[in-house]
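Each remark here refers to the structure printed beneath this line.
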Amino acid sequence: MAIFPVINLENINGDGRAKILEQIEDACQNWGFFELVNHGIPHEFLDSVEKMTKDHYKKCMEQRFKEAVASKGLEAAQVEVKDMDWESTFFLRHLPESNIAEMSELDEEYKEIMKEFAKKIENLSEELLDLLCENLGLEKGYLKKVFHGSKGPTFGTKVSNYPPCPKPDLIKGLRAHTDAGGIILLFQDDKVSGLQLLKDGNWIDVPPMRHAIVVNLGDQLEVITNGRYKSVMHRVMTQTSGGGRMSLASFYNPGSDAVIYPAPSLIEKEGEGEEKKEAYPKFVFEDYMKLYLGVKFEAKEPRFEAMKANANLGPMATA
């Protein structure tokens, strides 16, 4: 069985750079997912984020989740639940404007550490995008520039807790989907598993690793790379015991008015002298999101085809 890619970034600016870039390229092409260690975010800081996130759930969200489960009769489910997820979540928006100050349930200490967490993850996201540019033969900053739009990227964190579930065979923590956006960085529980990705027709566990950051690619990077990299279906399975699972998924996405299309140089390189049309459409990211929200848990290919059919932005530049 293939081994899930774990990449050590420790020597990325030293003599290990070429090997690390090769590992990242392999993971992007063949997995759409990888796990980072020695990524530069201090372990003690991540421990504090985890503790405060779990404390906040216990204090402010656990009872509310139990009441919601009871009101919907989920614990008595006899058939698979296909229209609901076994998760308790809230969303922190960081860019273009933060909403953390408006989150009245968060205490001040938690707000401050989440602001710092967001900045560290933002920096790591942008570092990774430049490493992808290097692998793709794109100029440094190309992906960040494409994501920028007129107001900069859209960046936020979904904070999730997945409590123990009495019917794990009938209720998913999060149903299978690909992510709509750009690059996603996940800080997840290292004791309770649950995240799985679909590879070669099989569901594979993403191993919980202490202090690691899981990276996965969204639909927009598939479009920009003209399919060289692929977004991958993934899901969260529920557990009957072992305590709840925590995850903080940070989405570094294009700005709402960013225009997304295959990088011209990648089309030309793939064509190797013969005429090759781009395999993916050109569209405004906000338009893609409007479509995605209604069909998130369905296959991505019809979304791309729908955007191609609705394209009204004219011919794509090739220079």
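Convention: chains lettered A, B, ... in structure tokens order; per-chain residue numbering from 1; ligands numbered from 1 as shown.
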Task: DSSP strand (DSSP E or B) residues within region 142-319 of chain A, as a PyMOL selection string - done: chain A and resi 154-162+174-177+183-188+195-199+202-205+213-217+234-236+245-253+259-260+283-284
Give me, as CSV, the closest atom pair and its distance (Å, one decimal) for every residue of region 136-192 of chain A within a cut-off of 12 Å of region 28-34 of chain A, counting only C-alpha atoms, rows sorted by chain and rising number.
residue,atom,partner,partner_atom,distance
A:Leu136,CA,A:Cys28,CA,10.8
A:Thr178,CA,A:Gly32,CA,10.2
A:Asp179,CA,A:Gly32,CA,10.9
A:Gly182,CA,A:Gly32,CA,11.7
A:Ile183,CA,A:Phe33,CA,10.1
A:Ile184,CA,A:Phe33,CA,9.5
A:Leu185,CA,A:Phe34,CA,9.9
A:Leu186,CA,A:Phe34,CA,10.4
Check which residues of region 103-172 of chain A sit at most 8 Å from region 81-96 of chain A using only C-alpha atoms, and return one row each with the closest pair of atoms and their distance in Å to one decimal, ordered by chain and rising number, as JSON lines.
{"residue": "A:Lys115", "atom": "CA", "partner": "A:His94", "partner_atom": "CA", "distance": 8.0}
{"residue": "A:Ala118", "atom": "CA", "partner": "A:His94", "partner_atom": "CA", "distance": 7.0}
{"residue": "A:Lys151", "atom": "CA", "partner": "A:Pro96", "partner_atom": "CA", "distance": 6.6}
{"residue": "A:Gly152", "atom": "CA", "partner": "A:Pro96", "partner_atom": "CA", "distance": 6.3}
{"residue": "A:Pro153", "atom": "CA", "partner": "A:Leu95", "partner_atom": "CA", "distance": 6.6}
{"residue": "A:Thr154", "atom": "CA", "partner": "A:Leu95", "partner_atom": "CA", "distance": 5.2}
{"residue": "A:Phe155", "atom": "CA", "partner": "A:Leu95", "partner_atom": "CA", "distance": 4.8}
{"residue": "A:Gly156", "atom": "CA", "partner": "A:Arg93", "partner_atom": "CA", "distance": 4.2}
{"residue": "A:Thr157", "atom": "CA", "partner": "A:Leu92", "partner_atom": "CA", "distance": 5.1}
{"residue": "A:Lys158", "atom": "CA", "partner": "A:Phe91", "partner_atom": "CA", "distance": 4.5}
{"residue": "A:Val159", "atom": "CA", "partner": "A:Phe90", "partner_atom": "CA", "distance": 5.4}
{"residue": "A:Ser160", "atom": "CA", "partner": "A:Thr89", "partner_atom": "CA", "distance": 4.4}
{"residue": "A:Asn161", "atom": "CA", "partner": "A:Ser88", "partner_atom": "CA", "distance": 5.2}
{"residue": "A:Tyr162", "atom": "CA", "partner": "A:Glu87", "partner_atom": "CA", "distance": 4.8}
{"residue": "A:Pro163", "atom": "CA", "partner": "A:Glu87", "partner_atom": "CA", "distance": 7.1}
{"residue": "A:Cys165", "atom": "CA", "partner": "A:Trp86", "partner_atom": "CA", "distance": 7.6}
{"residue": "A:Leu170", "atom": "CA", "partner": "A:Val81", "partner_atom": "CA", "distance": 5.9}
{"residue": "A:Ile171", "atom": "CA", "partner": "A:Val81", "partner_atom": "CA", "distance": 5.4}
{"residue": "A:Lys172", "atom": "CA", "partner": "A:Asp85", "partner_atom": "CA", "distance": 5.7}
- [ ] Would you mind listing what lies within 12 Å of Ile7 (chain A) as a PyMOL selection string, with only C-alpha atoms counted and same-chain residues fewer than 6 positions away left out?
- [x] chain A and resi 16-17+19-28+33-39+212-215
Could you make a table, as JSON lines, of the residues of region 277-296 of chain A that have an atom within 12 Å of an atom of region 218-234 of chain A, each with its nearest atom pair and distance in Å to one decimal, counting only C-alpha atoms, in chain and number order?
{"residue": "A:Lys277", "atom": "CA", "partner": "A:Asn226", "partner_atom": "CA", "distance": 9.9}
{"residue": "A:Glu278", "atom": "CA", "partner": "A:Asn226", "partner_atom": "CA", "distance": 6.6}
{"residue": "A:Ala279", "atom": "CA", "partner": "A:Asn226", "partner_atom": "CA", "distance": 6.1}
{"residue": "A:Tyr280", "atom": "CA", "partner": "A:Val223", "partner_atom": "CA", "distance": 5.7}
{"residue": "A:Pro281", "atom": "CA", "partner": "A:Val223", "partner_atom": "CA", "distance": 7.4}
{"residue": "A:Lys282", "atom": "CA", "partner": "A:Val223", "partner_atom": "CA", "distance": 8.5}
{"residue": "A:Phe283", "atom": "CA", "partner": "A:Val223", "partner_atom": "CA", "distance": 10.0}
{"residue": "A:Val284", "atom": "CA", "partner": "A:Gln220", "partner_atom": "CA", "distance": 10.7}
{"residue": "A:Phe285", "atom": "CA", "partner": "A:Gln220", "partner_atom": "CA", "distance": 8.3}
{"residue": "A:Glu286", "atom": "CA", "partner": "A:Gln220", "partner_atom": "CA", "distance": 11.6}
{"residue": "A:Tyr288", "atom": "CA", "partner": "A:Gln220", "partner_atom": "CA", "distance": 9.4}
{"residue": "A:Met289", "atom": "CA", "partner": "A:Asp219", "partner_atom": "CA", "distance": 10.6}
{"residue": "A:Tyr292", "atom": "CA", "partner": "A:Asp219", "partner_atom": "CA", "distance": 10.2}
{"residue": "A:Lys296", "atom": "CA", "partner": "A:Met233", "partner_atom": "CA", "distance": 10.7}
Could the residues in this selection be written to a file with C-alpha atoms, as an mmCIF file, in the first residue's frame?
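Saved result, part-v4.cif, follows:
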data_model
loop_
_atom_site.group_PDB
_atom_site.id
_atom_site.type_symbol
_atom_site.label_atom_id
_atom_site.label_comp_id
_atom_site.auth_asym_id
_atom_site.auth_seq_id
_atom_site.Cartn_x
_atom_site.Cartn_y
_atom_site.Cartn_z
ATOM 1 C CA LYS A 277 -6.334 23.857 -25.735
ATOM 2 C CA GLU A 278 -6.658 24.501 -22.051
ATOM 3 C CA ALA A 279 -8.595 21.708 -20.359
ATOM 4 C CA TYR A 280 -10.144 24.016 -17.780
ATOM 5 C CA PRO A 281 -12.365 27.106 -17.952
ATOM 6 C CA LYS A 282 -11.689 30.751 -17.177
ATOM 7 C CA PHE A 283 -13.964 32.285 -14.544
ATOM 8 C CA VAL A 284 -14.303 34.669 -11.613
ATOM 9 C CA PHE A 285 -13.752 32.888 -8.305
ATOM 10 C CA GLU A 286 -16.944 34.282 -6.737
ATOM 11 C CA TYR A 288 -17.408 29.380 -8.961
ATOM 12 C CA MET A 289 -18.217 29.620 -5.239
ATOM 13 C CA TYR A 292 -20.008 25.150 -5.485
ATOM 14 C CA LYS A 296 -20.288 20.785 -2.667
#
- [ ] Could you jot down the CA of Lys144 (chain A) to CA of Glu116 (chain A) separation for me, Å, one decimal place?
- [x] 20.8 Å
Task: Distance query region 145-148 of chain A at most 8 Å, only C-alpha atoms, self and fewer than 4 positions along chain excluded, as a PyMOL selection string - done: chain A and resi 141+152-153+253-255+258-260
Take the residues from that selection and write them out as a short mmCIF file (atom, residue, chain, number, x, y, z; two decimals), in the first residue's frame, keeping C-alpha atoms.
data_model
loop_
_atom_site.label_atom_id
_atom_site.label_comp_id
_atom_site.auth_asym_id
_atom_site.auth_seq_id
_atom_site.Cartn_x
_atom_site.Cartn_y
_atom_site.Cartn_z
CA GLY A 141 4.73 35.02 -6.63
CA GLY A 152 -6.14 40.44 -1.87
CA PRO A 153 -6.85 36.77 -1.14
CA ASN A 253 -8.30 31.17 -1.44
CA PRO A 254 -8.45 33.62 -4.33
CA GLY A 255 -10.12 36.96 -3.75
CA ALA A 258 -9.90 37.07 -8.90
CA VAL A 259 -9.98 35.67 -12.44
CA ILE A 260 -8.90 32.03 -12.46
#
